[in-house]
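See below for data08.cif, which holds mmCIF, C-alpha atoms.
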```
data_entry
#
loop_
_atom_site.label_atom_id
_atom_site.label_comp_id
_atom_site.auth_asym_id
_atom_site.auth_seq_id
_atom_site.Cartn_x
_atom_site.Cartn_y
_atom_site.Cartn_z
CA MET A 1 7.83 -10.54 30.62
CA LEU A 2 5.42 -13.36 31.38
CA THR A 3 1.98 -12.59 32.74
CA THR A 4 -1.23 -14.49 33.41
CA ILE A 5 -4.10 -12.96 31.49
CA ASP A 6 -6.92 -12.29 33.93
CA THR A 7 -9.65 -13.70 31.72
CA ALA A 8 -10.82 -17.18 30.91
CA TYR A 9 -9.45 -18.75 27.76
CA THR A 10 -12.32 -19.02 25.33
CA ASP A 11 -12.51 -21.69 22.72
CA THR A 12 -11.35 -19.64 19.75
CA ARG A 13 -9.97 -21.05 16.52
CA ALA A 14 -6.81 -20.29 14.58
CA ASP A 15 -8.90 -19.85 11.42
CA ASP A 16 -10.77 -16.94 13.05
CA LEU A 17 -7.66 -14.74 13.15
CA ALA A 18 -7.65 -11.74 10.85
CA TRP A 19 -4.93 -9.23 9.99
CA ALA A 20 -5.25 -5.45 9.78
CA LEU A 21 -2.98 -2.45 9.37
CA GLY A 22 -3.79 0.99 10.73
CA ARG A 23 -6.35 0.14 13.41
CA GLU A 24 -6.70 2.36 16.45
CA PRO A 25 -5.38 0.91 19.72
CA LEU A 26 -7.72 -1.79 21.01
CA PRO A 27 -8.31 -2.56 24.70
CA ALA A 28 -5.29 -4.58 25.87
CA LEU A 29 -4.98 -7.16 28.64
CA ALA A 30 -1.20 -6.63 28.92
CA VAL A 31 1.17 -4.02 27.44
CA LEU A 32 4.95 -3.71 27.11
CA ASP A 33 6.40 -0.31 26.09
CA LEU A 34 9.83 -0.45 24.44
CA GLU A 35 12.37 2.08 23.19
CA LEU A 36 14.59 0.47 20.54
CA SER A 37 17.22 2.90 19.21
CA GLY A 38 14.80 5.71 18.49
CA ALA A 39 11.80 3.52 17.70
CA ARG A 40 8.97 3.47 20.20
CA LEU A 41 7.17 0.17 20.17
CA GLN A 42 4.19 -1.00 22.16
CA LEU A 43 3.47 -4.73 22.31
CA ARG A 44 -0.17 -5.33 23.24
CA LEU A 45 -1.83 -8.63 24.16
CA LEU A 46 -5.51 -8.70 23.26
CA GLY A 47 -6.26 -12.15 24.63
CA ALA A 48 -5.54 -14.73 21.94
CA SER A 49 -4.62 -11.80 19.70
CA HIS A 50 -1.96 -9.12 19.42
CA GLN A 51 -1.47 -5.53 18.38
CA VAL A 52 1.85 -3.77 17.80
CA LEU A 53 2.08 0.01 17.67
CA LEU A 54 5.29 1.41 16.16
CA ASP A 55 6.27 5.08 16.16
CA GLN A 56 9.60 6.24 14.78
CA GLU A 57 11.05 8.92 12.57
CA GLY A 58 9.16 8.81 9.30
CA GLY A 59 5.79 7.74 10.66
CA SER A 60 3.82 5.23 12.64
CA CYS A 61 2.36 1.79 12.06
CA SER A 62 -0.30 -0.31 13.76
CA GLU A 63 -0.53 -4.07 13.13
CA THR A 64 -3.38 -6.13 14.53
CA VAL A 65 -3.80 -9.90 14.38
CA ALA A 66 -7.04 -10.75 16.14
CA CYS A 67 -10.46 -12.34 15.89
CA ILE A 68 -12.06 -9.17 14.55
CA PRO A 69 -15.86 -9.39 14.27
CA GLY A 70 -16.99 -8.51 10.77
CA SER A 71 -13.45 -8.46 9.35
CA SER A 72 -13.17 -9.50 5.74
CA THR A 73 -9.36 -9.75 5.78
CA PRO A 74 -8.32 -13.25 6.85
CA LEU A 75 -4.82 -13.93 8.06
CA PRO A 76 -2.63 -13.75 4.94
CA LEU A 77 0.42 -15.93 4.34
CA GLY A 78 2.39 -12.84 3.37
CA VAL A 79 2.06 -9.10 2.81
CA ALA A 80 4.53 -6.54 1.48
CA LYS A 81 3.44 -2.90 1.53
CA ARG A 82 4.94 0.51 1.24
CA LEU A 83 3.94 2.76 4.15
CA GLY A 84 5.25 6.22 3.34
CA ASP A 85 9.04 5.91 3.52
CA TRP A 86 8.86 2.41 5.03
CA GLU A 87 8.73 -1.11 3.74
CA TYR A 88 6.38 -3.33 5.73
CA GLU A 89 6.59 -7.12 5.41
CA PHE A 90 4.37 -9.59 7.23
CA ALA A 91 4.34 -13.39 7.05
CA ALA A 92 2.24 -15.98 8.85
CA ARG A 93 2.11 -19.75 9.05
CA VAL A 94 0.12 -22.28 11.02
CA GLU A 95 1.89 -25.24 12.65
CA THR A 96 -0.20 -28.31 13.48
CA LEU A 97 1.38 -30.36 16.26
CA SER A 98 0.63 -33.51 18.23
CA GLU A 99 -0.46 -32.99 21.85
CA GLN A 100 3.00 -33.93 23.16
CA SER A 101 4.84 -31.79 20.60
CA PHE A 102 2.50 -28.89 21.30
CA ALA A 103 3.22 -29.04 25.04
CA GLY A 104 6.99 -29.06 24.44
CA ARG A 105 6.84 -26.22 21.91
CA ALA A 106 4.66 -24.16 24.28
CA GLN A 107 7.13 -24.57 27.15
CA GLU A 108 10.07 -23.72 24.89
CA LEU A 109 8.45 -20.55 23.52
CA LEU A 110 7.21 -19.32 26.89
CA ALA A 111 10.70 -19.75 28.39
CA LEU A 112 12.27 -17.88 25.45
CA VAL A 113 9.90 -14.94 25.66
CA ALA A 114 9.77 -14.74 29.47
CA ASP A 115 13.56 -14.27 29.61
CA HIS A 116 13.78 -11.89 26.62
CA PRO A 117 14.23 -8.18 27.47
CA HIS A 118 11.83 -7.24 24.63
CA GLY A 119 9.34 -10.07 25.07
CA LEU A 120 5.77 -10.23 26.32
CA ALA A 121 3.76 -13.41 26.85
CA GLY A 122 0.39 -14.02 28.40
CA THR A 123 -0.94 -17.35 29.56
CA PHE A 124 -4.59 -18.10 30.27
CA PRO A 125 -6.06 -19.81 33.33
CA GLY A 126 -7.63 -23.17 32.55
CA SER A 127 -5.21 -24.35 29.87
CA PRO A 128 -1.47 -24.62 30.59
CA HIS A 129 -0.57 -24.31 26.90
CA ALA A 130 -2.95 -21.51 25.90
CA PHE A 131 -0.85 -18.39 25.36
CA THR A 132 -0.01 -15.45 23.16
CA ALA A 133 3.63 -14.35 22.98
CA MET A 134 5.58 -11.59 21.26
CA VAL A 135 9.22 -10.57 20.98
CA ALA A 136 10.73 -7.51 19.27
CA GLN A 137 14.18 -6.39 18.18
CA ARG A 138 15.88 -3.68 16.18
CA GLY A 139 18.87 -4.12 13.91
CA GLU A 140 20.20 -3.07 10.54
CA GLY A 141 17.83 -0.09 10.45
CA GLN A 142 14.76 -2.31 10.84
CA VAL A 143 12.30 -3.10 13.59
CA ARG A 144 11.19 -6.73 13.68
CA TRP A 145 8.76 -8.70 15.78
CA ARG A 146 7.57 -12.27 15.99
CA THR A 147 4.38 -13.55 17.56
CA TRP A 148 2.94 -16.91 18.57
CA HIS A 149 -0.77 -17.58 19.14
CA ALA A 150 -1.48 -20.98 20.71
CA TYR A 151 -4.67 -22.97 20.18
CA PRO A 152 -4.07 -26.15 22.22
CA GLN A 153 -7.61 -27.49 21.68
CA GLU A 154 -6.78 -27.65 17.93
CA GLY A 155 -3.09 -28.49 18.31
CA ARG A 156 -2.33 -25.39 16.21
CA LEU A 157 0.20 -22.63 16.67
CA VAL A 158 -0.08 -19.48 14.55
CA VAL A 159 3.36 -17.92 14.01
CA THR A 160 3.86 -14.46 12.52
CA ARG A 161 6.89 -12.35 11.71
CA THR A 162 6.99 -8.69 10.73
CA ARG A 163 9.72 -6.39 9.46
CA VAL A 164 9.45 -2.62 9.10
CA GLY A 165 12.34 -0.58 7.69
CA LEU A 166 13.13 2.47 5.61
CA LEU A 167 12.92 2.00 1.87
CA GLN A 168 16.31 1.27 0.38
CA PRO A 169 17.43 3.57 -2.45
CA HIS A 170 17.79 1.67 -5.72
CA GLY A 171 20.12 2.50 -8.55
CA PRO A 172 19.10 2.39 -12.20
CA ARG A 173 17.44 -0.91 -13.05
CA ASN A 174 19.05 -3.46 -15.35
CA GLN A 175 22.31 -1.57 -15.40
CA ARG A 176 25.27 -3.90 -15.41
CA PRO A 177 28.79 -2.86 -14.54
CA GLU A 178 30.95 -2.10 -17.51
CA ARG A 179 32.71 -5.25 -18.65
CA ARG A 180 36.26 -5.19 -19.90
CA PRO A 181 37.30 -7.52 -22.70
CA ASP A 182 39.17 -10.60 -21.60
CA ARG A 183 42.76 -10.33 -22.92
CA ALA A 184 43.02 -14.07 -23.32
CA ALA A 185 40.07 -14.03 -25.72
CA LEU A 186 41.78 -11.48 -28.04
#
```
Could the structure of this file be written out as structure tokens, please?
Amino acid sequence: MLTTIDTAYTDTRADDLAWALGREPLPALAVLDLELSGARLQLRLLGASHQVLLDQEGGSCSETVACIPGSSTPLPLGVAKRLGDWEYEFAARVETLSEQSFAGRAQELLALVADHPHGLAGTFPGSPHAFTAMVAQRGEGQVRWRTWHAYPQEGRLVVTRTRVGLLQPHGPRNQRPERRPDRAAL
């Protein structure tokens, strides 16, 4: 789903983004509610920011990537946490692109998300390449989402990916299968 965010694009910076887990729902400019094989997911556009609310058997999770006033948690490159019976993994990177490359990448991403059944993208009036986009999927017992936060005035694109899944049971550590002697060596 592609929507125009009914607010002016303000001159924010990629470096101002912060990450947080467990925040209450923040006021959203656009929302997409999804049901993905028993997982209820809400994708929320907060302007140049996002929030994802996940609720499924075993608990709930709230991820926020936003310019959060007073936040002391900058956007990390990676996070791996245990949340009850879940494994939560988050990764972020910043792409710096030329003006022409940025325009092409923006068009490509907006087309991808606009046509995706589990995608939400918001564009801002005043800048054709200012957008926030999100897409979610479920597979192999995991819920995953990717996001893109565009900062055309800087030529920077912040890309995140998240995976949430049940903890996998592990067998005894450092246990190797029993090895049989090689008959040729006897």
Show me, as a tab-separated table, the residues of region 79-120 of chain A having an atom within 12 Å of region 37-61 of chain A, each with the closest atom pair and its distance in Å, using only C-alpha atoms.
```
residue	atom	partner	partner_atom	distance
A:Lys81	CA	A:Cys61	CA	11.6
A:Arg82	CA	A:Cys61	CA	11.2
A:Leu83	CA	A:Cys61	CA	8.1
A:Gly84	CA	A:Gly59	CA	7.5
A:Asp85	CA	A:Gly58	CA	6.5
A:Trp86	CA	A:Gly58	CA	7.7
A:Glu87	CA	A:Cys61	CA	10.9
A:Tyr88	CA	A:Cys61	CA	9.1
A:Glu89	CA	A:Cys61	CA	11.9
A:His118	CA	A:Leu43	CA	9.0
A:Gly119	CA	A:Leu43	CA	8.4
A:Leu120	CA	A:Leu43	CA	7.2
```
Run the PyMOL selection byres ((chain A and resi 132) around 10) against the file shown and list the residues it catches, as an mmCIF file with C-alpha atoms, in the frame of the given file.
```
data_model
loop_
_atom_site.group_PDB
_atom_site.id
_atom_site.type_symbol
_atom_site.label_atom_id
_atom_site.label_comp_id
_atom_site.auth_asym_id
_atom_site.auth_seq_id
_atom_site.Cartn_x
_atom_site.Cartn_y
_atom_site.Cartn_z
ATOM 1 C CA ILE A 5 -4.100 -12.960 31.490
ATOM 2 C CA LEU A 45 -1.830 -8.630 24.160
ATOM 3 C CA LEU A 46 -5.510 -8.700 23.260
ATOM 4 C CA GLY A 47 -6.260 -12.150 24.630
ATOM 5 C CA ALA A 48 -5.540 -14.730 21.940
ATOM 6 C CA SER A 49 -4.620 -11.800 19.700
ATOM 7 C CA HIS A 50 -1.960 -9.120 19.420
ATOM 8 C CA ALA A 106 4.660 -24.160 24.280
ATOM 9 C CA LEU A 109 8.450 -20.550 23.520
ATOM 10 C CA LEU A 110 7.210 -19.320 26.890
ATOM 11 C CA LEU A 120 5.770 -10.230 26.320
ATOM 12 C CA ALA A 121 3.760 -13.410 26.850
ATOM 13 C CA GLY A 122 0.390 -14.020 28.400
ATOM 14 C CA THR A 123 -0.940 -17.350 29.560
ATOM 15 C CA PHE A 124 -4.590 -18.100 30.270
ATOM 16 C CA HIS A 129 -0.570 -24.310 26.900
ATOM 17 C CA ALA A 130 -2.950 -21.510 25.900
ATOM 18 C CA PHE A 131 -0.850 -18.390 25.360
ATOM 19 C CA ALA A 133 3.630 -14.350 22.980
ATOM 20 C CA MET A 134 5.580 -11.590 21.260
ATOM 21 C CA THR A 147 4.380 -13.550 17.560
ATOM 22 C CA TRP A 148 2.940 -16.910 18.570
ATOM 23 C CA HIS A 149 -0.770 -17.580 19.140
ATOM 24 C CA ALA A 150 -1.480 -20.980 20.710
ATOM 25 C CA TYR A 151 -4.670 -22.970 20.180
ATOM 26 C CA LEU A 157 0.200 -22.630 16.670
ATOM 27 C CA VAL A 158 -0.080 -19.480 14.550
#
```
Review point. Suppose you want the space between CA of Gly165 (chain A) and CA of Gly141 (chain A); what is it in Å?
Key: 6.2 Å
Exercise for review: Using CA of Glu24 (chain A) and CA of Arg138 (chain A) as the two end points, give the distance in Å to one decimal.
Suggested key: 23.4 Å
Exercise for review: May I ask for the distance between CA of Trp19 (chain A) and CA of Ala92 (chain A), given in Å to one decimal place?
Suggested key: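 Separating CA of Trp19 (chain A) from CA of Ala92 (chain A) is a distance of 9.9 Å.
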**Study point:** For Leu21 (chain A), the nearest of the candidates A:Ala66, A:Val143, A:Leu34, A:Ala111, counting all atoms listed in the file
**Key:**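 Ranking A:Ala66, A:Val143, A:Leu34, A:Ala111 by distance to Leu21 (chain A), first place goes to A:Ala66.
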Point to revise | From A:Thr64, A:Thr160, A:Ser127, A:Gln142, residue lying nearest Phe90 (chain A) [all atoms listed in the file] | key: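 Between A:Thr64, A:Thr160, A:Ser127, A:Gln142, the residue approaching Phe90 (chain A) most closely is A:Thr160.
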Take region 89-101 of chain A, bring it up to N, CA, C and O atoms, and give me the output as a PDB file, keeping the file's coordinate frame.
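Ended up saving to out-v7.pdb:
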```pdb
ATOM      1  N   GLU A  89       6.727  -5.727   5.854  1.00  0.00           N
ATOM      2  CA  GLU A  89       6.590  -7.120   5.410  1.00  0.00           C
ATOM      3  C   GLU A  89       6.030  -7.943   6.563  1.00  0.00           C
ATOM      4  O   GLU A  89       6.521  -7.853   7.691  1.00  0.00           O
ATOM      5  N   PHE A  90       5.026  -8.744   6.249  1.00  0.00           N
ATOM      6  CA  PHE A  90       4.370  -9.590   7.230  1.00  0.00           C
ATOM      7  C   PHE A  90       4.263 -10.998   6.646  1.00  0.00           C
ATOM      8  O   PHE A  90       3.978 -11.159   5.460  1.00  0.00           O
ATOM      9  N   ALA A  91       4.500 -11.996   7.475  1.00  0.00           N
ATOM     10  CA  ALA A  91       4.340 -13.390   7.050  1.00  0.00           C
ATOM     11  C   ALA A  91       3.714 -14.172   8.192  1.00  0.00           C
ATOM     12  O   ALA A  91       3.970 -13.884   9.369  1.00  0.00           O
ATOM     13  N   ALA A  92       2.889 -15.146   7.840  1.00  0.00           N
ATOM     14  CA  ALA A  92       2.240 -15.980   8.850  1.00  0.00           C
ATOM     15  C   ALA A  92       2.228 -17.425   8.384  1.00  0.00           C
ATOM     16  O   ALA A  92       2.193 -17.706   7.181  1.00  0.00           O
ATOM     17  N   ARG A  93       2.256 -18.324   9.357  1.00  0.00           N
ATOM     18  CA  ARG A  93       2.110 -19.750   9.050  1.00  0.00           C
ATOM     19  C   ARG A  93       1.418 -20.408  10.240  1.00  0.00           C
ATOM     20  O   ARG A  93       1.451 -19.896  11.364  1.00  0.00           O
ATOM     21  N   VAL A  94       0.803 -21.532   9.977  1.00  0.00           N
ATOM     22  CA  VAL A  94       0.120 -22.280  11.020  1.00  0.00           C
ATOM     23  C   VAL A  94       0.820 -23.630  11.144  1.00  0.00           C
ATOM     24  O   VAL A  94       0.976 -24.346  10.159  1.00  0.00           O
ATOM     25  N   GLU A  95       1.270 -23.941  12.364  1.00  0.00           N
ATOM     26  CA  GLU A  95       1.890 -25.240  12.650  1.00  0.00           C
ATOM     27  C   GLU A  95       0.839 -26.120  13.322  1.00  0.00           C
ATOM     28  O   GLU A  95       0.182 -25.681  14.262  1.00  0.00           O
ATOM     29  N   THR A  96       0.687 -27.337  12.847  1.00  0.00           N
ATOM     30  CA  THR A  96      -0.200 -28.310  13.480  1.00  0.00           C
ATOM     31  C   THR A  96       0.687 -29.350  14.152  1.00  0.00           C
ATOM     32  O   THR A  96       1.529 -29.960  13.501  1.00  0.00           O
ATOM     33  N   LEU A  97       0.491 -29.517  15.463  1.00  0.00           N
ATOM     34  CA  LEU A  97       1.380 -30.360  16.260  1.00  0.00           C
ATOM     35  C   LEU A  97       0.583 -31.396  17.043  1.00  0.00           C
ATOM     36  O   LEU A  97      -0.579 -31.170  17.394  1.00  0.00           O
ATOM     37  N   SER A  98       1.242 -32.505  17.349  1.00  0.00           N
ATOM     38  CA  SER A  98       0.630 -33.510  18.230  1.00  0.00           C
ATOM     39  C   SER A  98       0.519 -32.904  19.628  1.00  0.00           C
ATOM     40  O   SER A  98       1.178 -31.912  19.941  1.00  0.00           O
ATOM     41  N   GLU A  99      -0.275 -33.516  20.495  1.00  0.00           N
ATOM     42  CA  GLU A  99      -0.460 -32.990  21.850  1.00  0.00           C
ATOM     43  C   GLU A  99       0.865 -32.893  22.592  1.00  0.00           C
ATOM     44  O   GLU A  99       1.161 -31.884  23.236  1.00  0.00           O
ATOM     45  N   GLN A 100       1.701 -33.923  22.483  1.00  0.00           N
ATOM     46  CA  GLN A 100       3.000 -33.930  23.160  1.00  0.00           C
ATOM     47  C   GLN A 100       3.933 -32.870  22.566  1.00  0.00           C
ATOM     48  O   GLN A 100       4.603 -32.142  23.297  1.00  0.00           O
ATOM     49  N   SER A 101       3.985 -32.786  21.247  1.00  0.00           N
ATOM     50  CA  SER A 101       4.840 -31.790  20.600  1.00  0.00           C
ATOM     51  C   SER A 101       4.374 -30.373  20.930  1.00  0.00           C
ATOM     52  O   SER A 101       5.183 -29.469  21.143  1.00  0.00           O
TER      53      SER A 101
END
```
